Amino acid sequence: MAFRFVPGRASRRAASGAVRILRATAKANAAAARQTGALMRRGSEALKPEEPAHTPPGRFVEVDGVRVHCIVKGRGRPVVLIHGNGTMAEDFVICGLVEQLAKSYRVIAIDRPGFGHTERPRHWVWSAAAQARLIAHTLAALKAERPVVVGHSWGTIVALALATGGDLDLRGLVLLSGYYYPGRRADVALIAPLAVPGLGDAARALVPGAVGRALAPQVFRHVFKPQAVPDRFTARFPVALSLSATQARASAEDTAGMNGAVALLQPRYASLRLPVAILSGDADAVVDADEQSRRLHAEVAGSTLTLLPGQGHMIHYAARARIVRAVDAQMALTGRTLAWRSR
């Protein structure tokens, strides 16, 4: 005899409820999968290097196979501006120094390799000496003879490499908020792994661009401290460009190589035979003026030292007139007729 199971009403209700649960679960899983996929796509897009849409304000010069971006304004004897780490030549435009100097001189502000719009080929080691050679060749291409070179922060290292390298005849140096002697710096130790080829690229790629943009205001407050960040800087500085993959690599490499660069230059300071004006803020939160600027002044014969009371690291914003006067003083000297005596 064969038996056939006929489900009762309770069994049918249970089966129907199970089907509804399974269907709801399937819908929830599908929605979660779509949401996860969207999050993954957004995450992968955030990890991609941003392509800055910032229009270069200057022009390009092809030098040694590298496209170098320069901002050139004015006429007369040349003044060359070399920016610091993490920034670019346009910083000198935003602060007004280019416009002020261009009233009397031919001003050339140059993006160092990897910063702003200048290339930074990976097959070269971009030491301070290598950057100085590239700038010297760029100035030769622009027919800029015997310039006064103004360097800010890391740019002072390149300026000193220019003065001691013999590739260019300089009229004088104006050094702003500079770093001249090796020291123990937390930023160098922390950023050193990010400068390792391959490893550094991978580590930097793990930081979404949104994180960099969120941290930028804090960095800007620190470098301008104790002054407030100027409104014109906030409004005009190209943050996205400063956070681009190329500039992030350049900044990491330059920070990691900072102590080595000044250690190589230090033995040559005493032999400098050109006018050197040293300016620094005595409230600089980035570089200690006593450990760096005062020490350099004591070692370089004939140098002048100006310590600006209450000024921070970005003195080209708050003390622009003092910098222009320092350039004017350099231009008034012949350099070759000065008598150099050891201290």
# chains A, B, ... in the order shown; residues from 1 in each chain; ligands from 1

call {"tool": "residues_around", "arguments": {"residues": "Phe115 (chain A)", "least_positions_apart": "3", "cutoff": "6 Å", "atoms": "only C-alpha atoms", "output": "count of residues only"}}
result
5

call {"tool": "residues_around", "arguments": {"residues": "region 67-81 of chain A", "least_positions_apart": "6", "cutoff": "9 Å", "atoms": "only C-alpha atoms", "output": "ChimeraX atom specification"}}
result
/A:56-61,89-90,92-93,98-99,101-113,116-120,134-135,138-139,144-152,155,327,331

call {"tool": "select_by_dssp", "arguments": {"residues": "region 130-296 of chain A", "states": "helix (DSSP H, G or I)", "output": "ChimeraX atom specification"}}
result
/A:130-141,154-165,186-195,199-205,209-224,231-236,239-242,245-256,258-271,290-296

call {"tool": "closest_atom_pairs", "arguments": {"of": "region 107-188 of chain A", "to": "region 305-315 of chain A", "cutoff": "10 Å", "atoms": "only C-alpha atoms", "output": "tab-separated table"}}
result
residue	atom	partner	partner_atom	distance
A:His152	CA	A:Met314	CA	8.5
A:Ser153	CA	A:His313	CA	8.0
A:Leu175	CA	A:Leu305	CA	9.7
A:Leu176	CA	A:Ile315	CA	7.3
A:Ser177	CA	A:His313	CA	5.8
A:Gly178	CA	A:His313	CA	9.0
